[in-house]
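The next block is input.txt, given as compact mmCIF, C-alpha atoms.
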# COMPACT_ATOMS: atom_id res chain seq x y z
CA MET A 9 21.56 2.87 -11.96
CA PRO A 10 21.27 1.15 -8.55
CA ASN A 11 23.99 1.82 -6.05
CA PRO A 12 25.63 -1.56 -5.25
CA ASN A 13 26.47 -0.31 -1.74
CA GLN A 14 22.84 0.19 -0.76
CA GLY A 15 21.77 -3.48 -1.11
CA SER A 16 18.44 -4.57 -2.48
CA VAL A 17 15.78 -1.87 -2.68
CA ALA A 18 12.12 -2.55 -3.42
CA ILE A 19 9.10 -0.32 -3.87
CA TYR A 20 5.72 -1.36 -2.47
CA PRO A 21 3.32 0.98 -4.26
CA GLY A 22 -0.35 1.57 -3.58
CA SER A 23 -3.04 4.04 -2.69
CA PHE A 24 -3.19 2.86 0.96
CA ASP A 25 -6.53 4.65 1.43
CA PRO A 26 -6.46 3.52 4.19
CA ILE A 27 -3.69 1.14 5.23
CA THR A 28 -4.94 -2.25 6.42
CA TYR A 29 -3.35 -5.11 8.32
CA GLY A 30 -3.14 -6.87 4.94
CA HIS A 31 -0.82 -4.08 3.73
CA LEU A 32 1.16 -4.25 6.97
CA ASP A 33 1.55 -8.02 6.61
CA LEU A 34 3.12 -7.49 3.17
CA ILE A 35 5.31 -4.68 4.52
CA GLU A 36 6.57 -6.84 7.38
CA ARG A 37 7.33 -9.75 5.04
CA GLY A 38 8.84 -7.48 2.38
CA SER A 39 11.08 -5.83 4.98
CA ARG A 40 12.68 -9.24 5.54
CA LEU A 41 13.24 -9.85 1.82
CA PHE A 42 14.89 -6.54 0.93
CA ASN A 43 17.56 -4.35 2.53
CA ARG A 44 15.26 -1.34 2.02
CA LEU A 45 11.55 -1.23 1.34
CA ILE A 46 9.97 2.02 0.20
CA VAL A 47 6.22 2.10 0.73
CA ALA A 48 5.16 4.55 -1.97
CA ILE A 49 1.75 6.20 -2.05
CA LEU A 50 0.53 6.87 -5.56
CA SER A 51 -0.75 10.41 -5.86
CA ASN A 52 -3.51 9.89 -8.43
CA ASP A 53 -5.67 12.93 -9.18
CA SER A 54 -8.20 10.86 -11.13
CA LYS A 55 -9.27 9.02 -7.97
CA GLU A 56 -11.08 10.67 -5.10
CA PRO A 57 -9.35 9.30 -2.01
CA LEU A 58 -10.88 9.50 1.44
CA PHE A 59 -7.59 10.69 2.93
CA SER A 60 -5.05 13.13 1.48
CA VAL A 61 -1.57 11.92 0.57
CA ALA A 62 -0.22 13.74 3.65
CA GLU A 63 -2.73 11.97 5.92
CA ARG A 64 -1.94 8.59 4.40
CA ARG A 65 1.81 9.23 4.76
CA GLU A 66 1.32 10.08 8.43
CA MET A 67 -0.78 6.96 9.13
CA LEU A 68 1.69 4.76 7.25
CA ALA A 69 4.70 6.26 9.03
CA GLN A 70 3.07 5.59 12.41
CA SER A 71 2.17 2.04 11.37
CA VAL A 72 5.65 1.03 10.09
CA LYS A 73 7.79 2.50 12.89
CA ALA A 74 8.77 -1.01 13.99
CA TYR A 75 10.61 -1.65 10.71
CA PRO A 76 13.85 0.35 10.52
CA ASN A 77 14.47 -0.50 6.86
CA VAL A 78 11.02 0.71 5.72
CA GLU A 79 10.55 4.23 4.40
CA VAL A 80 7.29 5.97 3.43
CA ASP A 81 7.16 8.21 0.38
CA SER A 82 4.74 9.31 -2.34
CA PHE A 83 5.01 9.70 -6.10
CA ASN A 84 3.10 10.48 -9.24
CA GLY A 85 3.75 9.40 -12.78
CA LEU A 86 5.06 6.04 -13.90
CA LEU A 87 5.95 3.65 -11.09
CA VAL A 88 8.98 2.29 -12.94
CA ASP A 89 10.37 5.79 -13.43
CA TYR A 90 9.96 6.47 -9.71
CA ALA A 91 11.55 3.10 -8.86
CA SER A 92 14.50 3.85 -11.12
CA GLN A 93 14.97 7.29 -9.52
CA ARG A 94 15.01 5.64 -6.07
CA GLY A 95 17.52 2.95 -7.12
CA ALA A 96 15.00 0.13 -6.70
CA THR A 97 15.40 -3.11 -8.60
CA ALA A 98 12.11 -4.69 -7.47
CA LEU A 99 8.44 -3.84 -7.16
CA LEU A 100 6.57 -5.65 -4.39
CA ARG A 101 2.93 -6.52 -5.07
CA GLY A 102 0.38 -8.48 -3.08
CA ILE A 103 -2.07 -10.96 -4.50
CA ARG A 104 -5.29 -11.87 -2.68
CA ALA A 105 -7.16 -13.77 -5.40
CA ILE A 106 -7.03 -14.86 -9.04
CA SER A 107 -8.69 -11.58 -10.06
CA ASP A 108 -5.76 -9.66 -8.49
CA TYR A 109 -3.31 -11.83 -10.41
CA GLU A 110 -4.82 -11.03 -13.80
CA TYR A 111 -4.54 -7.28 -13.21
CA GLU A 112 -1.11 -7.50 -11.56
CA LEU A 113 0.25 -9.67 -14.39
CA GLN A 114 -0.74 -7.03 -16.95
CA MET A 115 0.93 -4.31 -14.90
CA ALA A 116 4.07 -6.40 -14.33
CA LEU A 117 4.44 -7.15 -18.03
CA MET A 118 3.99 -3.49 -18.98
CA ASN A 119 6.48 -2.44 -16.30
CA ARG A 120 8.95 -5.02 -17.60
CA ARG A 121 8.52 -3.66 -21.13
CA LEU A 122 9.19 -0.11 -19.89
CA ARG A 123 12.08 -1.03 -17.55
CA PRO A 124 13.42 -4.58 -18.03
CA ASP A 125 15.92 -4.07 -15.18
CA ILE A 126 13.14 -3.80 -12.56
CA GLU A 127 11.51 -7.06 -11.45
CA THR A 128 8.04 -7.48 -9.97
CA VAL A 129 7.86 -9.73 -6.92
CA PHE A 130 4.46 -11.13 -5.95
CA LEU A 131 3.63 -12.17 -2.41
CA MET A 132 0.46 -14.05 -1.62
CA ALA A 133 -1.72 -12.32 0.95
CA GLY A 134 -1.60 -13.82 4.40
CA GLU A 135 -4.57 -16.14 4.96
CA ALA A 136 -6.01 -13.92 7.68
CA TYR A 137 -6.09 -10.92 5.33
CA SER A 138 -6.86 -12.43 1.92
CA PHE A 139 -10.35 -10.88 1.89
CA VAL A 140 -9.39 -7.43 3.24
CA SER A 141 -9.28 -4.41 0.97
CA SER A 142 -9.31 -0.69 1.72
CA ARG A 143 -12.54 -0.35 -0.25
CA LEU A 144 -14.27 -3.07 1.77
CA VAL A 145 -13.05 -1.64 5.08
CA LYS A 146 -14.47 1.79 4.16
CA GLN A 147 -17.80 0.25 3.16
CA VAL A 148 -18.14 -1.77 6.37
CA ILE A 149 -17.30 1.08 8.75
CA GLY A 150 -19.47 3.47 6.73
CA LEU A 151 -22.41 1.19 7.45
CA GLY A 152 -21.54 1.03 11.16
CA GLY A 153 -19.78 -2.35 11.06
CA ASN A 154 -16.86 -3.50 13.19
CA ILE A 155 -13.45 -3.25 11.49
CA SER A 156 -11.24 -3.85 14.53
CA GLY A 157 -8.53 -6.34 13.64
CA LEU A 158 -8.56 -5.22 10.00
CA VAL A 159 -6.79 -1.87 10.40
CA PRO A 160 -4.52 -0.37 13.06
CA PRO A 161 -6.39 1.46 15.88
CA LEU A 162 -5.10 4.85 14.63
CA VAL A 163 -6.60 4.17 11.21
CA GLU A 164 -9.87 2.94 12.68
CA ALA A 165 -10.19 6.15 14.71
CA ARG A 166 -9.49 8.29 11.63
CA LEU A 167 -12.03 6.33 9.59
CA ARG A 168 -14.66 6.74 12.31
CA ASP A 169 -14.03 10.49 12.45
CA ARG A 170 -14.09 10.87 8.66
CA LEU A 171 -17.03 8.60 7.83
CA LEU A 172 -19.13 8.62 10.97
CA GLY A 173 -18.28 11.97 12.59
CA ASP A 174 -21.78 13.41 12.91
CA LYS A 175 -23.52 10.01 13.07
CA GLN A 176 -21.50 9.01 16.18
CA GLU A 177 -22.48 12.18 18.00
CA ARG A 178 -26.20 11.60 17.29
CA ARG A 179 -26.24 8.09 18.80

Can you dump the structure from the file as structure tokens?
Amino acid sequence: MPNPNQGSVAIYPGSFDPITYGHLDLIERGSRLFNRLIVAILSNDSKEPLFSVAERREMLAQSVKAYPNVEVDSFNGLLVDYASQRGATALLRGIRAISDYEYELQMALMNRRLRPDIETVFLMAGEAYSFVSSRLVKQVIGLGGNISGLVPPLVEARLRDRLLGDKQERR
């Protein structure tokens, strides 16, 4: 049961592998809509992430320092169970395109079936970031492309080290 003294609490879940300026745009906007926003990294063993949960937590924590009401955490299992445990009454999700909406609608309806007391709130991606995804960023930098302006400098440096480490030294 949510604590009425804590105000509105929302969870912004994702893999954040890595965090992009599109994610940060949603975090900044979500931090204005809710008293507390918990950015929650899904620990999913079936995926093979580029960065560990601990690395992603560290990069996220560095990237959201400017928002005092934003907290970084991680979870596994059902999102709605985690949200309930944290006293959240809303799930924040971003939508870049129609294809995102179809998937997100299915998830929102299932989450509502599991926990009717938790609402899903959709925010449209900012125009400047509507094409940005973590997958695309990793592909571009892996092929030697420029990703500045798409991810924070800390994340870009980590991506370069992880994906181009030996290649950079040979140039």

If you measure from CA of Val88 in chain A to CA of Val47 in chain A, what distance in Å do you get, rounded to one decimal?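 A separation of 13.9 Å between them.
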
Point to revise | Selected residue of minimal separation from Phe59 in chain A among A:Pro21, A:Pro76, A:Gly38, A:Pro26, counting only C-alpha atoms | key: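 The shortest atom-to-atom distance to Phe59 in chain A comes from A:Pro26.
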
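Considering the residues A:Tyr20, A:Tyr75, A:Tyr29, A:Phe83 and counting all atoms listed in the file, Phe130 in chain A has its shortest atom-to-atom contact with A:Tyr20.
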
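Using all atoms listed in the file, the contacts of Phe139 in chain A at a cut-off of 10 Å, with sequence neighbours closer than 6 positions omitted, comprise Gly30, Arg104, Ala105 and Ala133 of chain A.
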
Atom pair CA of Leu171 in chain A / CA of Ile103 in chain A: separation (Å) =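 Spanning CA of Leu171 in chain A to CA of Ile103 in chain A is a straight-line distance of 27.5 Å.
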
| message | Counting all atoms listed in the file, which residue out of A:Leu122, A:Ala165, A:Val159, A:Leu50 sits closest to Leu32 in chain A? | response |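 The shortest atom-to-atom distance to Leu32 in chain A comes from A:Val159.
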
Quick one: contact table of range 112-166 of chain A to range 61-73 of chain A, 10 Å max, nearest atom pair and distance in Å to one decimal per residue, counting all atoms listed in the file, chain and number order, as JSON lines?
{"residue": "A:Val159", "atom": "CA", "partner": "A:Ser71", "partner_atom": "CA", "distance": 9.8}
{"residue": "A:Pro160", "atom": "CA", "partner": "A:Ser71", "partner_atom": "CA", "distance": 7.3}
{"residue": "A:Pro161", "atom": "CA", "partner": "A:Ser71", "partner_atom": "CA", "distance": 9.7}
{"residue": "A:Leu162", "atom": "CA", "partner": "A:Met67", "partner_atom": "CA", "distance": 7.3}
{"residue": "A:Val163", "atom": "CA", "partner": "A:Met67", "partner_atom": "CA", "distance": 6.8}
{"residue": "A:Arg166", "atom": "CA", "partner": "A:Met67", "partner_atom": "CA", "distance": 9.2}

> Taking into account only C-alpha atoms, which residue in the set A:Leu131, A:Leu99, A:Phe24, A:Val148 is nearest to Met115 in chain A?
Replying inline: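 Ranking A:Leu131, A:Leu99, A:Phe24, A:Val148 by distance to Met115 in chain A, first place goes to A:Leu99.
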
Report task. Return the single residue from A:Leu113, A:Glu36, A:Asn84, A:Leu151 that is closest to Ser54 in chain A, with distances computed using only C-alpha atoms. Result ->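 Once distances to Ser54 in chain A are computed over only C-alpha atoms, the minimum belongs to A:Asn84.
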
* For Leu87 in chain A: contacts at 12 Å, all atoms listed in the file, fewer than 3 positions along chain excluded, given as a PyMOL selection string -> chain A and resi 18-22+47-52+82-84+90-94+96-100+115-116+118-120+122-123+126+128

Writing out the chosen residues with C-alpha atoms as a PDB file, in the frame of the given file:
ATOM      1  CA  ALA A  18      12.120  -2.550  -3.420  1.00  0.00           C
ATOM      2  CA  ILE A  19       9.100  -0.320  -3.870  1.00  0.00           C
ATOM      3  CA  TYR A  20       5.720  -1.360  -2.470  1.00  0.00           C
ATOM      4  CA  PRO A  21       3.320   0.980  -4.260  1.00  0.00           C
ATOM      5  CA  GLY A  22      -0.350   1.570  -3.580  1.00  0.00           C
ATOM      6  CA  VAL A  47       6.220   2.100   0.730  1.00  0.00           C
ATOM      7  CA  ALA A  48       5.160   4.550  -1.970  1.00  0.00           C
ATOM      8  CA  ILE A  49       1.750   6.200  -2.050  1.00  0.00           C
ATOM      9  CA  LEU A  50       0.530   6.870  -5.560  1.00  0.00           C
ATOM     10  CA  SER A  51      -0.750  10.410  -5.860  1.00  0.00           C
ATOM     11  CA  ASN A  52      -3.510   9.890  -8.430  1.00  0.00           C
ATOM     12  CA  SER A  82       4.740   9.310  -2.340  1.00  0.00           C
ATOM     13  CA  PHE A  83       5.010   9.700  -6.100  1.00  0.00           C
ATOM     14  CA  ASN A  84       3.100  10.480  -9.240  1.00  0.00           C
ATOM     15  CA  TYR A  90       9.960   6.470  -9.710  1.00  0.00           C
ATOM     16  CA  ALA A  91      11.550   3.100  -8.860  1.00  0.00           C
ATOM     17  CA  SER A  92      14.500   3.850 -11.120  1.00  0.00           C
ATOM     18  CA  GLN A  93      14.970   7.290  -9.520  1.00  0.00           C
ATOM     19  CA  ARG A  94      15.010   5.640  -6.070  1.00  0.00           C
ATOM     20  CA  ALA A  96      15.000   0.130  -6.700  1.00  0.00           C
ATOM     21  CA  THR A  97      15.400  -3.110  -8.600  1.00  0.00           C
ATOM     22  CA  ALA A  98      12.110  -4.690  -7.470  1.00  0.00           C
ATOM     23  CA  LEU A  99       8.440  -3.840  -7.160  1.00  0.00           C
ATOM     24  CA  LEU A 100       6.570  -5.650  -4.390  1.00  0.00           C
ATOM     25  CA  MET A 115       0.930  -4.310 -14.900  1.00  0.00           C
ATOM     26  CA  ALA A 116       4.070  -6.400 -14.330  1.00  0.00           C
ATOM     27  CA  MET A 118       3.990  -3.490 -18.980  1.00  0.00           C
ATOM     28  CA  ASN A 119       6.480  -2.440 -16.300  1.00  0.00           C
ATOM     29  CA  ARG A 120       8.950  -5.020 -17.600  1.00  0.00           C
ATOM     30  CA  LEU A 122       9.190  -0.110 -19.890  1.00  0.00           C
ATOM     31  CA  ARG A 123      12.080  -1.030 -17.550  1.00  0.00           C
ATOM     32  CA  ILE A 126      13.140  -3.800 -12.560  1.00  0.00           C
ATOM     33  CA  THR A 128       8.040  -7.480  -9.970  1.00  0.00           C
TER      34      THR A 128
END

- Query: Pick the closest to Glu135 in chain A from A:Asp53, A:Leu172, A:Leu167, A:Leu34: which is it, counting all atoms listed in the file?
  - Reply: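 Among the listed residues, the smallest separation from Glu135 in chain A belongs to A:Leu34.
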
- Task: Calculate how many Å separate CA of Gln147 in chain A from CA of Gln114 in chain A, rounding to one decimal.
- Result: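 Here the two named atoms are 27.4 Å from each other.
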
Because the input lacks atoms here, generate all heavy atoms for range 37-48 of chain A and report them as a PDB file, keeping the file's coordinate frame.
ATOM      1  N   ARG A  37       6.667  -8.682   5.785  1.00  0.00           N
ATOM      2  CA  ARG A  37       7.330  -9.750   5.040  1.00  0.00           C
ATOM      3  C   ARG A  37       8.321  -9.184   4.028  1.00  0.00           C
ATOM      4  O   ARG A  37       9.429  -9.712   3.866  1.00  0.00           O
ATOM      5  CB  ARG A  37       6.277 -10.638   4.387  1.00  0.00           C
ATOM      6  CG  ARG A  37       5.519 -11.426   5.463  1.00  0.00           C
ATOM      7  CD  ARG A  37       4.199 -12.019   5.003  1.00  0.00           C
ATOM      8  NE  ARG A  37       4.287 -12.751   3.771  1.00  0.00           N
ATOM      9  CZ  ARG A  37       3.271 -12.857   2.903  1.00  0.00           C
ATOM     10  NH1 ARG A  37       2.121 -12.283   3.139  1.00  0.00           N
ATOM     11  NH2 ARG A  37       3.419 -13.558   1.807  1.00  0.00           N
ATOM     12  N   GLY A  38       7.937  -8.106   3.348  1.00  0.00           N
ATOM     13  CA  GLY A  38       8.840  -7.480   2.380  1.00  0.00           C
ATOM     14  C   GLY A  38      10.075  -6.898   3.040  1.00  0.00           C
ATOM     15  O   GLY A  38      11.165  -6.916   2.458  1.00  0.00           O
ATOM     16  N   SER A  39       9.930  -6.409   4.270  1.00  0.00           N
ATOM     17  CA  SER A  39      11.080  -5.830   4.980  1.00  0.00           C
ATOM     18  C   SER A  39      12.133  -6.889   5.292  1.00  0.00           C
ATOM     19  O   SER A  39      13.301  -6.559   5.494  1.00  0.00           O
ATOM     20  CB  SER A  39      10.635  -5.125   6.265  1.00  0.00           C
ATOM     21  OG  SER A  39      10.283  -6.053   7.268  1.00  0.00           O
ATOM     22  N   ARG A  40      11.723  -8.157   5.315  1.00  0.00           N
ATOM     23  CA  ARG A  40      12.680  -9.240   5.540  1.00  0.00           C
ATOM     24  C   ARG A  40      13.349  -9.692   4.235  1.00  0.00           C
ATOM     25  O   ARG A  40      14.416 -10.289   4.271  1.00  0.00           O
ATOM     26  CB  ARG A  40      11.988 -10.440   6.196  1.00  0.00           C
ATOM     27  CG  ARG A  40      11.645 -10.185   7.653  1.00  0.00           C
ATOM     28  CD  ARG A  40      11.025 -11.384   8.316  1.00  0.00           C
ATOM     29  NE  ARG A  40       9.617 -11.457   7.934  1.00  0.00           N
ATOM     30  CZ  ARG A  40       8.935 -12.583   7.763  1.00  0.00           C
ATOM     31  NH1 ARG A  40       9.500 -13.741   7.939  1.00  0.00           N
ATOM     32  NH2 ARG A  40       7.665 -12.552   7.424  1.00  0.00           N
ATOM     33  N   LEU A  41      12.708  -9.403   3.110  1.00  0.00           N
ATOM     34  CA  LEU A  41      13.240  -9.850   1.820  1.00  0.00           C
ATOM     35  C   LEU A  41      14.227  -8.860   1.198  1.00  0.00           C
ATOM     36  O   LEU A  41      15.061  -9.255   0.387  1.00  0.00           O
ATOM     37  CB  LEU A  41      12.092 -10.071   0.829  1.00  0.00           C
ATOM     38  CG  LEU A  41      11.138 -11.205   1.140  1.00  0.00           C
ATOM     39  CD1 LEU A  41       9.973 -11.194   0.148  1.00  0.00           C
ATOM     40  CD2 LEU A  41      11.865 -12.538   1.102  1.00  0.00           C
ATOM     41  N   PHE A  42      14.080  -7.587   1.555  1.00  0.00           N
ATOM     42  CA  PHE A  42      14.890  -6.540   0.930  1.00  0.00           C
ATOM     43  C   PHE A  42      15.629  -5.726   1.993  1.00  0.00           C
ATOM     44  O   PHE A  42      15.149  -5.574   3.101  1.00  0.00           O
ATOM     45  CB  PHE A  42      13.997  -5.605   0.093  1.00  0.00           C
ATOM     46  CG  PHE A  42      13.249  -6.334  -0.986  1.00  0.00           C
ATOM     47  CD1 PHE A  42      11.930  -6.719  -0.799  1.00  0.00           C
ATOM     48  CD2 PHE A  42      13.878  -6.645  -2.184  1.00  0.00           C
ATOM     49  CE1 PHE A  42      11.242  -7.403  -1.784  1.00  0.00           C
ATOM     50  CE2 PHE A  42      13.197  -7.339  -3.177  1.00  0.00           C
ATOM     51  CZ  PHE A  42      11.870  -7.714  -2.980  1.00  0.00           C
ATOM     52  N   ASN A  43      16.806  -5.200   1.608  1.00  0.00           N
ATOM     53  CA  ASN A  43      17.560  -4.350   2.530  1.00  0.00           C
ATOM     54  C   ASN A  43      16.773  -3.087   2.865  1.00  0.00           C
ATOM     55  O   ASN A  43      16.819  -2.617   3.998  1.00  0.00           O
ATOM     56  CB  ASN A  43      18.917  -3.971   1.947  1.00  0.00           C
ATOM     57  CG  ASN A  43      19.802  -5.174   1.776  1.00  0.00           C
ATOM     58  OD1 ASN A  43      19.864  -5.732   0.686  1.00  0.00           O
ATOM     59  ND2 ASN A  43      20.456  -5.606   2.832  1.00  0.00           N
ATOM     60  N   ARG A  44      16.097  -2.544   1.837  1.00  0.00           N
ATOM     61  CA  ARG A  44      15.260  -1.340   2.020  1.00  0.00           C
ATOM     62  C   ARG A  44      13.953  -1.540   1.294  1.00  0.00           C
ATOM     63  O   ARG A  44      13.936  -2.010   0.152  1.00  0.00           O
ATOM     64  CB  ARG A  44      15.961  -0.115   1.447  1.00  0.00           C
ATOM     65  CG  ARG A  44      16.468   0.809   2.499  1.00  0.00           C
ATOM     66  CD  ARG A  44      17.037   2.095   1.961  1.00  0.00           C
ATOM     67  NE  ARG A  44      16.229   2.656   0.892  1.00  0.00           N
ATOM     68  CZ  ARG A  44      16.687   3.512   0.005  1.00  0.00           C
ATOM     69  NH1 ARG A  44      17.930   3.917   0.043  1.00  0.00           N
ATOM     70  NH2 ARG A  44      15.922   3.997  -0.944  1.00  0.00           N
ATOM     71  N   LEU A  45      12.872  -1.166   1.958  1.00  0.00           N
ATOM     72  CA  LEU A  45      11.550  -1.230   1.340  1.00  0.00           C
ATOM     73  C   LEU A  45      10.945   0.159   1.421  1.00  0.00           C
ATOM     74  O   LEU A  45      10.825   0.731   2.509  1.00  0.00           O
ATOM     75  CB  LEU A  45      10.664  -2.243   2.069  1.00  0.00           C
ATOM     76  CG  LEU A  45       9.234  -2.391   1.540  1.00  0.00           C
ATOM     77  CD1 LEU A  45       9.244  -2.916   0.103  1.00  0.00           C
ATOM     78  CD2 LEU A  45       8.438  -3.322   2.444  1.00  0.00           C
ATOM     79  N   ILE A  46      10.598   0.696   0.262  1.00  0.00           N
ATOM     80  CA  ILE A  46       9.970   2.020   0.200  1.00  0.00           C
ATOM     81  C   ILE A  46       8.491   1.812  -0.072  1.00  0.00           C
ATOM     82  O   ILE A  46       8.118   1.285  -1.126  1.00  0.00           O
ATOM     83  CB  ILE A  46      10.613   2.894  -0.895  1.00  0.00           C
ATOM     84  CG1 ILE A  46      12.107   3.056  -0.637  1.00  0.00           C
ATOM     85  CG2 ILE A  46       9.909   4.245  -0.971  1.00  0.00           C
ATOM     86  CD1 ILE A  46      12.892   3.638  -1.803  1.00  0.00           C
ATOM     87  N   VAL A  47       7.668   2.166   0.898  1.00  0.00           N
ATOM     88  CA  VAL A  47       6.220   2.100   0.730  1.00  0.00           C
ATOM     89  C   VAL A  47       5.832   3.427   0.082  1.00  0.00           C
ATOM     90  O   VAL A  47       5.978   4.486   0.684  1.00  0.00           O
ATOM     91  CB  VAL A  47       5.503   1.901   2.079  1.00  0.00           C
ATOM     92  CG1 VAL A  47       4.005   1.835   1.879  1.00  0.00           C
ATOM     93  CG2 VAL A  47       6.026   0.647   2.773  1.00  0.00           C
ATOM     94  N   ALA A  48       5.372   3.354  -1.166  1.00  0.00           N
ATOM     95  CA  ALA A  48       5.160   4.550  -1.970  1.00  0.00           C
ATOM     96  C   ALA A  48       3.674   4.740  -2.277  1.00  0.00           C
ATOM     97  O   ALA A  48       3.058   3.899  -2.925  1.00  0.00           O
ATOM     98  CB  ALA A  48       5.962   4.456  -3.266  1.00  0.00           C
TER      99      ALA A  48
END
